[in-house]
$ cat upload16.cif   # mmCIF, N, CA and C atoms
data_query
#
loop_
_atom_site.label_atom_id
_atom_site.label_comp_id
_atom_site.auth_asym_id
_atom_site.auth_seq_id
_atom_site.Cartn_x
_atom_site.Cartn_y
_atom_site.Cartn_z
N MET P 1 6.96 1.67 -0.56
CA MET P 1 6.49 2.03 -1.88
C MET P 1 5.12 1.41 -2.07
N ASP P 2 4.09 2.23 -1.85
CA ASP P 2 2.70 1.80 -1.93
C ASP P 2 2.52 0.54 -1.08
N ALA P 3 3.02 0.62 0.14
CA ALA P 3 3.04 -0.53 1.05
C ALA P 3 1.65 -1.02 1.38
N THR P 4 1.56 -2.31 1.54
CA THR P 4 0.31 -2.94 1.94
C THR P 4 -0.13 -2.38 3.29
N PRO P 5 -1.37 -1.91 3.40
CA PRO P 5 -1.84 -1.39 4.68
C PRO P 5 -1.75 -2.46 5.77
N SER P 6 -1.56 -2.01 7.00
CA SER P 6 -1.41 -2.94 8.13
C SER P 6 -2.73 -3.63 8.49
N THR P 7 -3.81 -3.20 7.87
CA THR P 7 -5.13 -3.80 8.13
C THR P 7 -5.74 -4.34 6.83
N ILE P 8 -4.89 -4.85 5.96
CA ILE P 8 -5.33 -5.24 4.62
C ILE P 8 -6.39 -6.35 4.61
N VAL P 9 -6.28 -7.33 5.48
CA VAL P 9 -7.27 -8.41 5.47
C VAL P 9 -8.64 -7.87 5.86
N ALA P 10 -8.70 -7.08 6.93
CA ALA P 10 -9.98 -6.48 7.35
C ALA P 10 -10.48 -5.49 6.30
N ASP P 11 -9.56 -4.71 5.73
CA ASP P 11 -9.96 -3.73 4.71
C ASP P 11 -10.58 -4.42 3.50
N THR P 12 -9.97 -5.52 3.09
CA THR P 12 -10.50 -6.24 1.93
C THR P 12 -11.86 -6.84 2.25
N GLY P 13 -11.98 -7.44 3.43
CA GLY P 13 -13.25 -8.02 3.83
C GLY P 13 -14.35 -6.98 3.95
N ALA P 14 -14.00 -5.82 4.46
CA ALA P 14 -14.99 -4.74 4.60
C ALA P 14 -15.30 -4.09 3.26
N GLY P 15 -14.30 -4.01 2.41
CA GLY P 15 -14.47 -3.32 1.13
C GLY P 15 -15.21 -4.13 0.08
N ILE P 16 -15.05 -5.45 0.15
CA ILE P 16 -15.73 -6.34 -0.79
C ILE P 16 -16.47 -7.38 0.03
N PRO P 17 -17.78 -7.32 0.07
CA PRO P 17 -18.53 -8.27 0.90
C PRO P 17 -18.47 -9.70 0.36
N GLU P 18 -18.71 -10.65 1.23
CA GLU P 18 -18.72 -12.06 0.82
C GLU P 18 -19.77 -12.32 -0.25
N SER P 19 -20.78 -11.50 -0.31
CA SER P 19 -21.85 -11.69 -1.29
C SER P 19 -21.47 -11.19 -2.69
N ALA P 20 -20.31 -10.59 -2.84
CA ALA P 20 -19.88 -10.08 -4.14
C ALA P 20 -19.78 -11.22 -5.15
N THR P 21 -19.97 -10.85 -6.42
CA THR P 21 -19.87 -11.84 -7.50
C THR P 21 -18.91 -11.32 -8.57
N GLY P 22 -18.61 -12.17 -9.51
CA GLY P 22 -17.79 -11.79 -10.65
C GLY P 22 -16.38 -11.36 -10.27
N PRO P 23 -15.84 -10.36 -10.98
CA PRO P 23 -14.47 -9.91 -10.72
C PRO P 23 -14.23 -9.46 -9.28
N ALA P 24 -15.25 -8.88 -8.65
CA ALA P 24 -15.10 -8.43 -7.26
C ALA P 24 -14.89 -9.64 -6.34
N ALA P 25 -15.68 -10.69 -6.55
CA ALA P 25 -15.54 -11.89 -5.73
C ALA P 25 -14.16 -12.52 -5.96
N GLU P 26 -13.72 -12.52 -7.20
CA GLU P 26 -12.39 -13.07 -7.50
C GLU P 26 -11.30 -12.24 -6.84
N ALA P 27 -11.44 -10.92 -6.85
CA ALA P 27 -10.45 -10.04 -6.22
C ALA P 27 -10.43 -10.28 -4.71
N ARG P 28 -11.60 -10.40 -4.11
CA ARG P 28 -11.68 -10.64 -2.67
C ARG P 28 -11.03 -11.97 -2.32
N ALA P 29 -11.42 -13.02 -3.02
CA ALA P 29 -10.87 -14.35 -2.73
C ALA P 29 -9.36 -14.38 -2.93
N GLY P 30 -8.91 -13.76 -4.01
CA GLY P 30 -7.47 -13.74 -4.29
C GLY P 30 -6.69 -12.98 -3.25
N ALA P 31 -7.21 -11.83 -2.83
CA ALA P 31 -6.51 -11.02 -1.83
C ALA P 31 -6.48 -11.73 -0.49
N VAL P 32 -7.63 -12.24 -0.06
CA VAL P 32 -7.67 -12.91 1.23
C VAL P 32 -6.77 -14.15 1.21
N ALA P 33 -6.82 -14.91 0.13
CA ALA P 33 -5.95 -16.09 0.03
C ALA P 33 -4.48 -15.69 0.04
N GLY P 34 -4.17 -14.65 -0.72
CA GLY P 34 -2.79 -14.20 -0.81
C GLY P 34 -2.23 -13.70 0.51
N TYR P 35 -3.07 -13.10 1.33
CA TYR P 35 -2.61 -12.54 2.60
C TYR P 35 -2.67 -13.55 3.74
N THR P 36 -3.31 -14.68 3.52
CA THR P 36 -3.45 -15.65 4.60
C THR P 36 -2.68 -16.94 4.32
N GLY P 37 -1.61 -16.84 3.55
CA GLY P 37 -0.71 -17.97 3.37
C GLY P 37 -1.04 -18.91 2.23
N GLN P 38 -2.09 -18.63 1.49
CA GLN P 38 -2.46 -19.50 0.37
C GLN P 38 -1.84 -18.97 -0.92
N ASN P 39 -0.52 -18.83 -0.89
CA ASN P 39 0.24 -18.32 -2.02
C ASN P 39 1.47 -19.20 -2.19
N PRO P 40 2.16 -19.12 -3.32
CA PRO P 40 3.31 -20.01 -3.53
C PRO P 40 4.37 -19.93 -2.43
N GLU P 41 4.55 -18.75 -1.85
CA GLU P 41 5.56 -18.58 -0.80
C GLU P 41 5.04 -18.99 0.57
N GLN P 42 3.73 -19.22 0.68
CA GLN P 42 3.04 -19.55 1.92
C GLN P 42 3.26 -18.47 2.99
N LEU P 43 3.36 -17.22 2.52
CA LEU P 43 3.49 -16.10 3.44
C LEU P 43 2.12 -15.70 3.95
N SER P 44 2.07 -15.30 5.18
CA SER P 44 0.82 -14.86 5.79
C SER P 44 1.01 -13.46 6.36
N VAL P 45 0.05 -12.59 6.10
CA VAL P 45 0.08 -11.23 6.62
C VAL P 45 -1.03 -11.11 7.64
N GLN P 46 -0.68 -10.75 8.85
CA GLN P 46 -1.69 -10.57 9.87
C GLN P 46 -1.94 -9.08 10.07
N ASP P 47 -3.20 -8.72 10.20
CA ASP P 47 -3.53 -7.32 10.48
C ASP P 47 -2.94 -6.92 11.82
N GLY P 48 -2.57 -5.67 11.92
CA GLY P 48 -2.04 -5.17 13.18
C GLY P 48 -1.84 -3.67 13.12
N GLU P 49 -1.37 -3.13 14.19
CA GLU P 49 -1.10 -1.71 14.28
C GLU P 49 0.29 -1.42 13.72
N VAL P 50 0.48 -0.23 13.22
CA VAL P 50 1.80 0.21 12.80
C VAL P 50 2.56 0.59 14.06
N GLY P 51 3.73 0.02 14.22
CA GLY P 51 4.54 0.32 15.40
C GLY P 51 5.23 1.67 15.26
N TYR P 52 6.16 1.90 16.15
CA TYR P 52 6.90 3.15 16.13
C TYR P 52 8.38 2.82 16.15
N ALA P 53 9.13 3.39 15.22
CA ALA P 53 10.56 3.11 15.10
C ALA P 53 11.41 4.31 15.49
N GLY P 54 10.82 5.27 16.16
CA GLY P 54 11.58 6.43 16.61
C GLY P 54 11.70 7.48 15.53
N ASP P 55 12.92 7.99 15.38
CA ASP P 55 13.13 9.10 14.44
C ASP P 55 13.95 8.70 13.22
N ILE P 56 13.84 7.44 12.82
CA ILE P 56 14.55 7.04 11.61
C ILE P 56 13.88 7.68 10.40
N PRO P 57 14.65 8.02 9.37
CA PRO P 57 14.02 8.62 8.18
C PRO P 57 13.21 7.57 7.41
N VAL P 58 12.02 7.98 7.01
CA VAL P 58 11.12 7.10 6.27
C VAL P 58 10.45 7.92 5.18
N VAL P 59 10.34 7.35 3.99
CA VAL P 59 9.56 7.95 2.91
C VAL P 59 8.46 6.96 2.56
N VAL P 60 7.23 7.41 2.60
CA VAL P 60 6.07 6.59 2.25
C VAL P 60 5.59 7.05 0.88
N ILE P 61 5.76 6.18 -0.12
CA ILE P 61 5.38 6.53 -1.49
C ILE P 61 4.04 5.86 -1.82
N GLN P 62 3.08 6.66 -2.23
CA GLN P 62 1.75 6.16 -2.56
C GLN P 62 1.46 6.38 -4.05
N HIS P 63 0.72 5.45 -4.63
CA HIS P 63 0.32 5.61 -6.03
C HIS P 63 -0.62 6.81 -6.16
N GLY P 64 -0.56 7.45 -7.32
CA GLY P 64 -1.41 8.60 -7.59
C GLY P 64 -2.54 8.31 -8.56
N GLN P 65 -2.44 7.19 -9.27
CA GLN P 65 -3.47 6.81 -10.24
C GLN P 65 -4.30 5.67 -9.67
N PRO P 66 -5.57 5.93 -9.38
CA PRO P 66 -6.40 4.85 -8.85
C PRO P 66 -6.46 3.69 -9.82
N TYR P 67 -6.35 2.51 -9.30
CA TYR P 67 -6.42 1.34 -10.17
C TYR P 67 -7.47 0.35 -9.70
N LEU P 68 -7.77 0.34 -8.43
CA LEU P 68 -8.78 -0.58 -7.93
C LEU P 68 -10.17 -0.20 -8.40
N ALA P 69 -10.43 1.10 -8.49
CA ALA P 69 -11.75 1.57 -8.92
C ALA P 69 -12.04 1.15 -10.36
N GLU P 70 -11.02 1.05 -11.16
CA GLU P 70 -11.22 0.62 -12.55
C GLU P 70 -11.44 -0.89 -12.63
N GLN P 71 -10.76 -1.65 -11.80
CA GLN P 71 -10.86 -3.10 -11.85
C GLN P 71 -12.18 -3.61 -11.29
N ILE P 72 -12.63 -3.00 -10.20
CA ILE P 72 -13.89 -3.40 -9.57
C ILE P 72 -14.65 -2.14 -9.14
N PRO P 73 -15.32 -1.53 -10.12
CA PRO P 73 -15.93 -0.22 -9.89
C PRO P 73 -16.87 -0.12 -8.69
N GLN P 74 -17.66 -1.16 -8.42
CA GLN P 74 -18.63 -1.04 -7.33
C GLN P 74 -17.97 -1.04 -5.95
N TYR P 75 -16.73 -1.50 -5.83
CA TYR P 75 -16.06 -1.55 -4.53
C TYR P 75 -14.70 -0.84 -4.55
N GLY P 76 -14.26 -0.46 -5.72
CA GLY P 76 -12.92 0.11 -5.86
C GLY P 76 -12.69 1.38 -5.07
N GLU P 77 -13.67 2.26 -5.02
CA GLU P 77 -13.48 3.52 -4.30
C GLU P 77 -13.24 3.28 -2.81
N ALA P 78 -14.00 2.37 -2.23
CA ALA P 78 -13.82 2.05 -0.81
C ALA P 78 -12.43 1.45 -0.56
N LEU P 79 -12.00 0.60 -1.48
CA LEU P 79 -10.67 -0.01 -1.33
C LEU P 79 -9.56 1.03 -1.50
N GLU P 80 -9.74 1.95 -2.45
CA GLU P 80 -8.75 3.02 -2.63
C GLU P 80 -8.66 3.88 -1.37
N ASN P 81 -9.82 4.19 -0.77
CA ASN P 81 -9.83 4.99 0.46
C ASN P 81 -9.13 4.25 1.59
N ALA P 82 -9.38 2.95 1.71
CA ALA P 82 -8.72 2.15 2.75
C ALA P 82 -7.21 2.11 2.50
N TRP P 83 -6.81 2.00 1.23
CA TRP P 83 -5.38 1.97 0.91
C TRP P 83 -4.73 3.31 1.30
N THR P 84 -5.40 4.40 1.00
CA THR P 84 -4.87 5.72 1.37
C THR P 84 -4.73 5.86 2.88
N LYS P 85 -5.73 5.41 3.62
CA LYS P 85 -5.64 5.46 5.07
C LYS P 85 -4.49 4.59 5.56
N GLY P 86 -4.27 3.47 4.90
CA GLY P 86 -3.16 2.61 5.26
C GLY P 86 -1.82 3.28 5.04
N GLN P 87 -1.70 4.03 3.94
CA GLN P 87 -0.45 4.76 3.69
C GLN P 87 -0.22 5.82 4.76
N GLU P 88 -1.32 6.46 5.17
CA GLU P 88 -1.22 7.48 6.23
C GLU P 88 -0.76 6.86 7.54
N LYS P 89 -1.21 5.63 7.82
CA LYS P 89 -0.78 4.95 9.05
C LYS P 89 0.72 4.67 9.02
N TRP P 90 1.26 4.35 7.83
CA TRP P 90 2.71 4.08 7.74
C TRP P 90 3.52 5.32 8.10
N LEU P 91 2.93 6.49 7.93
CA LEU P 91 3.64 7.71 8.31
C LEU P 91 3.87 7.78 9.82
N ASP P 92 3.07 7.05 10.59
CA ASP P 92 3.24 7.01 12.04
C ASP P 92 4.46 6.19 12.47
N LEU P 93 5.08 5.52 11.53
CA LEU P 93 6.24 4.69 11.84
C LEU P 93 7.39 5.48 12.44
N SER P 94 7.52 6.74 12.03
CA SER P 94 8.64 7.56 12.48
C SER P 94 8.23 9.02 12.60
N SER P 95 8.91 9.72 13.47
CA SER P 95 8.68 11.16 13.57
C SER P 95 9.31 11.90 12.40
N ARG P 96 10.09 11.19 11.59
CA ARG P 96 10.73 11.80 10.42
C ARG P 96 10.18 11.19 9.12
N SER P 97 8.93 10.81 9.12
CA SER P 97 8.30 10.26 7.92
C SER P 97 7.89 11.36 6.97
N GLU P 98 7.99 11.07 5.69
CA GLU P 98 7.58 12.02 4.66
C GLU P 98 6.71 11.31 3.64
N PRO P 99 5.56 11.89 3.28
CA PRO P 99 4.73 11.30 2.25
C PRO P 99 5.15 11.79 0.86
N VAL P 100 5.07 10.90 -0.11
CA VAL P 100 5.32 11.24 -1.51
C VAL P 100 4.23 10.54 -2.32
N VAL P 101 3.66 11.25 -3.27
CA VAL P 101 2.67 10.66 -4.17
C VAL P 101 3.30 10.53 -5.55
N ALA P 102 3.27 9.32 -6.08
CA ALA P 102 3.74 9.07 -7.44
C ALA P 102 2.55 9.34 -8.37
N ALA P 103 2.42 10.58 -8.76
CA ALA P 103 1.21 11.06 -9.46
C ALA P 103 0.87 10.29 -10.72
N ASP P 104 1.86 9.80 -11.43
CA ASP P 104 1.60 9.13 -12.71
C ASP P 104 1.64 7.61 -12.62
N SER P 105 1.56 7.06 -11.41
CA SER P 105 1.70 5.61 -11.23
C SER P 105 0.49 4.98 -10.59
N ASP P 106 0.24 3.73 -10.98
CA ASP P 106 -0.68 2.89 -10.24
C ASP P 106 0.17 2.20 -9.17
N HIS P 107 -0.17 1.01 -8.76
CA HIS P 107 0.57 0.32 -7.70
C HIS P 107 2.03 0.03 -8.08
N TYR P 108 2.31 -0.11 -9.33
CA TYR P 108 3.65 -0.51 -9.78
C TYR P 108 4.53 0.71 -10.03
N ILE P 109 4.79 1.43 -8.97
CA ILE P 109 5.56 2.67 -9.03
C ILE P 109 6.96 2.42 -9.58
N TYR P 110 7.58 1.34 -9.17
CA TYR P 110 8.93 1.04 -9.61
C TYR P 110 9.03 0.84 -11.12
N LEU P 111 7.93 0.52 -11.77
CA LEU P 111 7.92 0.39 -13.22
C LEU P 111 7.55 1.70 -13.92
N LYS P 112 6.57 2.40 -13.36
CA LYS P 112 6.05 3.61 -13.99
C LYS P 112 6.89 4.85 -13.70
N GLN P 113 7.40 4.95 -12.49
CA GLN P 113 8.18 6.12 -12.09
C GLN P 113 9.36 5.70 -11.21
N PRO P 114 10.28 4.94 -11.77
CA PRO P 114 11.39 4.43 -10.95
C PRO P 114 12.25 5.52 -10.32
N ALA P 115 12.30 6.68 -10.93
CA ALA P 115 13.12 7.77 -10.38
C ALA P 115 12.62 8.17 -8.99
N ILE P 116 11.32 8.07 -8.75
CA ILE P 116 10.78 8.41 -7.43
C ILE P 116 11.32 7.45 -6.38
N ALA P 117 11.40 6.18 -6.72
CA ALA P 117 11.94 5.19 -5.79
C ALA P 117 13.41 5.47 -5.50
N VAL P 118 14.17 5.76 -6.53
CA VAL P 118 15.59 6.05 -6.37
C VAL P 118 15.78 7.31 -5.52
N GLU P 119 15.03 8.34 -5.81
CA GLU P 119 15.11 9.58 -5.04
C GLU P 119 14.78 9.34 -3.56
N ALA P 120 13.79 8.51 -3.30
CA ALA P 120 13.41 8.23 -1.92
C ALA P 120 14.54 7.50 -1.19
N VAL P 121 15.13 6.52 -1.84
CA VAL P 121 16.24 5.79 -1.22
C VAL P 121 17.41 6.73 -0.96
N GLU P 122 17.75 7.53 -1.94
CA GLU P 122 18.86 8.48 -1.76
C GLU P 122 18.56 9.48 -0.64
N HIS P 123 17.31 9.93 -0.56
CA HIS P 123 16.92 10.87 0.49
C HIS P 123 17.05 10.22 1.87
N VAL P 124 16.55 9.00 2.00
CA VAL P 124 16.61 8.32 3.29
C VAL P 124 18.07 8.09 3.71
N ILE P 125 18.91 7.71 2.77
CA ILE P 125 20.34 7.51 3.07
C ILE P 125 20.97 8.82 3.55
N ALA P 126 20.70 9.90 2.82
CA ALA P 126 21.26 11.20 3.20
C ALA P 126 20.78 11.63 4.57
N GLU P 127 19.49 11.42 4.86
CA GLU P 127 18.94 11.79 6.15
C GLU P 127 19.51 10.90 7.27
N ALA P 128 19.74 9.64 6.98
CA ALA P 128 20.28 8.73 7.98
C ALA P 128 21.71 9.09 8.36
N LYS P 129 22.43 9.70 7.44
CA LYS P 129 23.81 10.11 7.70
C LYS P 129 23.91 11.32 8.62
N LYS P 130 22.80 12.05 8.76
CA LYS P 130 22.81 13.28 9.57
C LYS P 130 22.87 12.95 11.06
#
$ encode --input "upload16.cif" --output "structure tokens"
Amino acid sequence: MDATPSTIVADTGAGIPESATGPAAEARAGAVAGYTGQNPEQLSVQDGEVGYAGDIPVVVIQHGQPYLAEQIPQYGEALENAWTKGQEKWLDLSSRSEPVVAADSDHYIYLKQPAIAVEAVEHVIAEAKK
């Protein structure tokens, strides 16, 4: 559900340069810190390729309402494009992957359109039973 791209650290670094200031600099620092273990959970996300899980059913749900472009207009479009490419990469996870766009949602799909999440889970369960 609007999964973090597998190249999020590089995407963030490329999308928002170190020379950025103001909200963009804060977004860059926060994202890089959050993905490199400087968070309360001390979780670290390393960039990598999307693997292949065979023919398991997968639904990749992407937000339909851009939100990064509004938060940091000068870099938001590039980040939205990188996020979209990241969602497309998740489709490579399985030969039975299906894309879904939550047209009325930003990143928080489970809050804005929870029925889409429920439908995706039910669909994957039904497909897995086949």
$ residues_around --input "upload16.cif" --residues "Ala128 (chain P)" --least-positions-apart "3" --cutoff "9 Å" --atoms "only C-alpha atoms" --output "list in words"
Ile56, Pro57, His123, Val124 and Ile125 of chain P
$ select_by_dssp --input "upload16.cif" --residues "chain P" --states "alpha helix (DSSP H)" --output "PyMOL selection string"
chain P and resi 8-15+22-35+68-71+73-90+109-112+114-129
$ closest_residue --input "upload16.cif" --among "P:Pro5, P:Ile116, P:Pro73, P:His107" --to "Glu88 (chain P)" --atoms "only N, CA and C atoms"
P:Pro5
$ resolve_selection --input "upload16.cif" --expression "the PyMOL selection byres ((chain P and resi 49-54) around 6)" --output "PyMOL selection string"
chain P and resi 6+47-48+55-56+89+92-96
$ write_last_selection --input "upload16.cif" --atoms "N, CA and C atoms" --output "PDB file, in the frame of the given file"
ATOM      1  N   SER P   6      -1.560  -2.010   7.000  1.00  0.00           N
ATOM      2  CA  SER P   6      -1.410  -2.940   8.130  1.00  0.00           C
ATOM      3  C   SER P   6      -2.730  -3.630   8.490  1.00  0.00           C
ATOM      4  N   ASP P  47      -3.200  -8.720  10.200  1.00  0.00           N
ATOM      5  CA  ASP P  47      -3.530  -7.320  10.480  1.00  0.00           C
ATOM      6  C   ASP P  47      -2.940  -6.920  11.820  1.00  0.00           C
ATOM      7  N   GLY P  48      -2.570  -5.670  11.920  1.00  0.00           N
ATOM      8  CA  GLY P  48      -2.040  -5.170  13.180  1.00  0.00           C
ATOM      9  C   GLY P  48      -1.840  -3.670  13.120  1.00  0.00           C
ATOM     10  N   ASP P  55      12.920   7.990  15.380  1.00  0.00           N
ATOM     11  CA  ASP P  55      13.130   9.100  14.440  1.00  0.00           C
ATOM     12  C   ASP P  55      13.950   8.700  13.220  1.00  0.00           C
ATOM     13  N   ILE P  56      13.840   7.440  12.820  1.00  0.00           N
ATOM     14  CA  ILE P  56      14.550   7.040  11.610  1.00  0.00           C
ATOM     15  C   ILE P  56      13.880   7.680  10.400  1.00  0.00           C
ATOM     16  N   LYS P  89      -1.210   5.630   7.820  1.00  0.00           N
ATOM     17  CA  LYS P  89      -0.780   4.950   9.050  1.00  0.00           C
ATOM     18  C   LYS P  89       0.720   4.670   9.020  1.00  0.00           C
ATOM     19  N   ASP P  92       3.070   7.050  10.590  1.00  0.00           N
ATOM     20  CA  ASP P  92       3.240   7.010  12.040  1.00  0.00           C
ATOM     21  C   ASP P  92       4.460   6.190  12.470  1.00  0.00           C
ATOM     22  N   LEU P  93       5.080   5.520  11.530  1.00  0.00           N
ATOM     23  CA  LEU P  93       6.240   4.690  11.840  1.00  0.00           C
ATOM     24  C   LEU P  93       7.390   5.480  12.440  1.00  0.00           C
ATOM     25  N   SER P  94       7.520   6.740  12.030  1.00  0.00           N
ATOM     26  CA  SER P  94       8.640   7.560  12.480  1.00  0.00           C
ATOM     27  C   SER P  94       8.230   9.020  12.600  1.00  0.00           C
ATOM     28  N   SER P  95       8.910   9.720  13.470  1.00  0.00           N
ATOM     29  CA  SER P  95       8.680  11.160  13.570  1.00  0.00           C
ATOM     30  C   SER P  95       9.310  11.900  12.400  1.00  0.00           C
ATOM     31  N   ARG P  96      10.090  11.190  11.590  1.00  0.00           N
ATOM     32  CA  ARG P  96      10.730  11.800  10.420  1.00  0.00           C
ATOM     33  C   ARG P  96      10.180  11.190   9.120  1.00  0.00           C
TER      34      ARG P  96
END
$ atom_distance --input "upload16.cif" --atom1 "atom C of Glu127 (chain P)" --atom2 "atom N of Ala115 (chain P)"
20.0 Å
$ residues_around --input "upload16.cif" --residues "Val60 (chain P)" --least-positions-apart "4" --cutoff "7 Å" --atoms "only N, CA and C atoms" --output "list in words"
Met1, Asp2, Ala3, Gln87, Trp90, Leu91, Ser97, Glu98, Pro99, Val100 and Val101 of chain P
$ select_by_dssp --input "upload16.cif" --residues "region 4-125 of chain P" --states "strand (DSSP E or B)" --output "VMD selection string"
chain P and resid 36 44 57 to 63 96 to 102
$ atom_distance --input "upload16.cif" --atom1 "CA of Pro66 (chain P)" --atom2 "CA of Asp106 (chain P)"
6.2 Å
$ atom_distance --input "upload16.cif" --atom1 "CA of Ala10 (chain P)" --atom2 "CA of Gln71 (chain P)"
19.5 Å
$ closest_atom_pairs --input "upload16.cif" --of "region 66-128 of chain P" --to "region 22-30 of chain P" --cutoff "12 Å" --atoms "only C-alpha atoms" --output "JSON lines"
{"residue": "P:Leu68", "atom": "CA", "partner": "P:Ala27", "partner_atom": "CA", "distance": 9.8}
{"residue": "P:Ala69", "atom": "CA", "partner": "P:Ala24", "partner_atom": "CA", "distance": 10.7}
{"residue": "P:Glu70", "atom": "CA", "partner": "P:Pro23", "partner_atom": "CA", "distance": 11.2}
{"residue": "P:Gln71", "atom": "CA", "partner": "P:Pro23", "partner_atom": "CA", "distance": 7.8}
{"residue": "P:Ile72", "atom": "CA", "partner": "P:Ala24", "partner_atom": "CA", "distance": 5.7}
{"residue": "P:Pro73", "atom": "CA", "partner": "P:Ala24", "partner_atom": "CA", "distance": 8.7}
{"residue": "P:Gln74", "atom": "CA", "partner": "P:Ala24", "partner_atom": "CA", "distance": 8.2}
{"residue": "P:Tyr75", "atom": "CA", "partner": "P:Ala24", "partner_atom": "CA", "distance": 7.5}
{"residue": "P:Gly76", "atom": "CA", "partner": "P:Ala24", "partner_atom": "CA", "distance": 8.9}
{"residue": "P:Leu79", "atom": "CA", "partner": "P:Arg28", "partner_atom": "CA", "distance": 10.8}
$ closest_residue --input "upload16.cif" --among "P:Glu119, P:Thr84, P:Gln62, P:Gly34" --to "Ser105 (chain P)" --atoms "all atoms listed in the file"
P:Gln62
$ resolve_selection --input "upload16.cif" --expression "the PyMOL selection byres ((chain P and resi 8) around 8)" --output "ChimeraX atom specification"
/P:4-7,9-14,31-32,35,45-48,82,86
$ build_atoms --input "upload16.cif" --residues "region 52-64 of chain P" --atoms "N, CA, C and O atoms" --output "PDB file, in the coordinates of the input"
ATOM      1  N   TYR P  52       6.160   1.900  16.150  1.00  0.00           N
ATOM      2  CA  TYR P  52       6.900   3.150  16.130  1.00  0.00           C
ATOM      3  C   TYR P  52       8.380   2.820  16.150  1.00  0.00           C
ATOM      4  O   TYR P  52       8.848   2.058  16.988  1.00  0.00           O
ATOM      5  N   ALA P  53       9.130   3.390  15.220  1.00  0.00           N
ATOM      6  CA  ALA P  53      10.560   3.110  15.100  1.00  0.00           C
ATOM      7  C   ALA P  53      11.410   4.310  15.490  1.00  0.00           C
ATOM      8  O   ALA P  53      12.580   4.382  15.129  1.00  0.00           O
ATOM      9  N   GLY P  54      10.820   5.270  16.160  1.00  0.00           N
ATOM     10  CA  GLY P  54      11.580   6.430  16.610  1.00  0.00           C
ATOM     11  C   GLY P  54      11.700   7.480  15.530  1.00  0.00           C
ATOM     12  O   GLY P  54      10.745   7.811  14.851  1.00  0.00           O
ATOM     13  N   ASP P  55      12.920   7.990  15.380  1.00  0.00           N
ATOM     14  CA  ASP P  55      13.130   9.100  14.440  1.00  0.00           C
ATOM     15  C   ASP P  55      13.950   8.700  13.220  1.00  0.00           C
ATOM     16  O   ASP P  55      14.637   9.532  12.644  1.00  0.00           O
ATOM     17  N   ILE P  56      13.840   7.440  12.820  1.00  0.00           N
ATOM     18  CA  ILE P  56      14.550   7.040  11.610  1.00  0.00           C
ATOM     19  C   ILE P  56      13.880   7.680  10.400  1.00  0.00           C
ATOM     20  O   ILE P  56      12.675   7.900  10.391  1.00  0.00           O
ATOM     21  N   PRO P  57      14.650   8.020   9.370  1.00  0.00           N
ATOM     22  CA  PRO P  57      14.020   8.620   8.180  1.00  0.00           C
ATOM     23  C   PRO P  57      13.210   7.570   7.410  1.00  0.00           C
ATOM     24  O   PRO P  57      13.654   6.447   7.225  1.00  0.00           O
ATOM     25  N   VAL P  58      12.020   7.980   7.010  1.00  0.00           N
ATOM     26  CA  VAL P  58      11.120   7.100   6.270  1.00  0.00           C
ATOM     27  C   VAL P  58      10.450   7.920   5.180  1.00  0.00           C
ATOM     28  O   VAL P  58      10.025   9.045   5.418  1.00  0.00           O
ATOM     29  N   VAL P  59      10.340   7.350   3.990  1.00  0.00           N
ATOM     30  CA  VAL P  59       9.560   7.950   2.910  1.00  0.00           C
ATOM     31  C   VAL P  59       8.460   6.960   2.560  1.00  0.00           C
ATOM     32  O   VAL P  59       8.744   5.795   2.269  1.00  0.00           O
ATOM     33  N   VAL P  60       7.230   7.410   2.600  1.00  0.00           N
ATOM     34  CA  VAL P  60       6.070   6.590   2.250  1.00  0.00           C
ATOM     35  C   VAL P  60       5.590   7.050   0.880  1.00  0.00           C
ATOM     36  O   VAL P  60       5.106   8.165   0.738  1.00  0.00           O
ATOM     37  N   ILE P  61       5.760   6.180  -0.120  1.00  0.00           N
ATOM     38  CA  ILE P  61       5.380   6.530  -1.490  1.00  0.00           C
ATOM     39  C   ILE P  61       4.040   5.860  -1.820  1.00  0.00           C
ATOM     40  O   ILE P  61       3.911   4.651  -1.698  1.00  0.00           O
ATOM     41  N   GLN P  62       3.080   6.660  -2.230  1.00  0.00           N
ATOM     42  CA  GLN P  62       1.750   6.160  -2.560  1.00  0.00           C
ATOM     43  C   GLN P  62       1.460   6.380  -4.050  1.00  0.00           C
ATOM     44  O   GLN P  62       1.885   7.383  -4.625  1.00  0.00           O
ATOM     45  N   HIS P  63       0.720   5.450  -4.630  1.00  0.00           N
ATOM     46  CA  HIS P  63       0.320   5.610  -6.030  1.00  0.00           C
ATOM     47  C   HIS P  63      -0.620   6.810  -6.160  1.00  0.00           C
ATOM     48  O   HIS P  63      -1.346   7.147  -5.241  1.00  0.00           O
ATOM     49  N   GLY P  64      -0.560   7.450  -7.320  1.00  0.00           N
ATOM     50  CA  GLY P  64      -1.410   8.600  -7.590  1.00  0.00           C
ATOM     51  C   GLY P  64      -2.540   8.310  -8.560  1.00  0.00           C
ATOM     52  O   GLY P  64      -3.485   9.089  -8.681  1.00  0.00           O
TER      53      GLY P  64
END
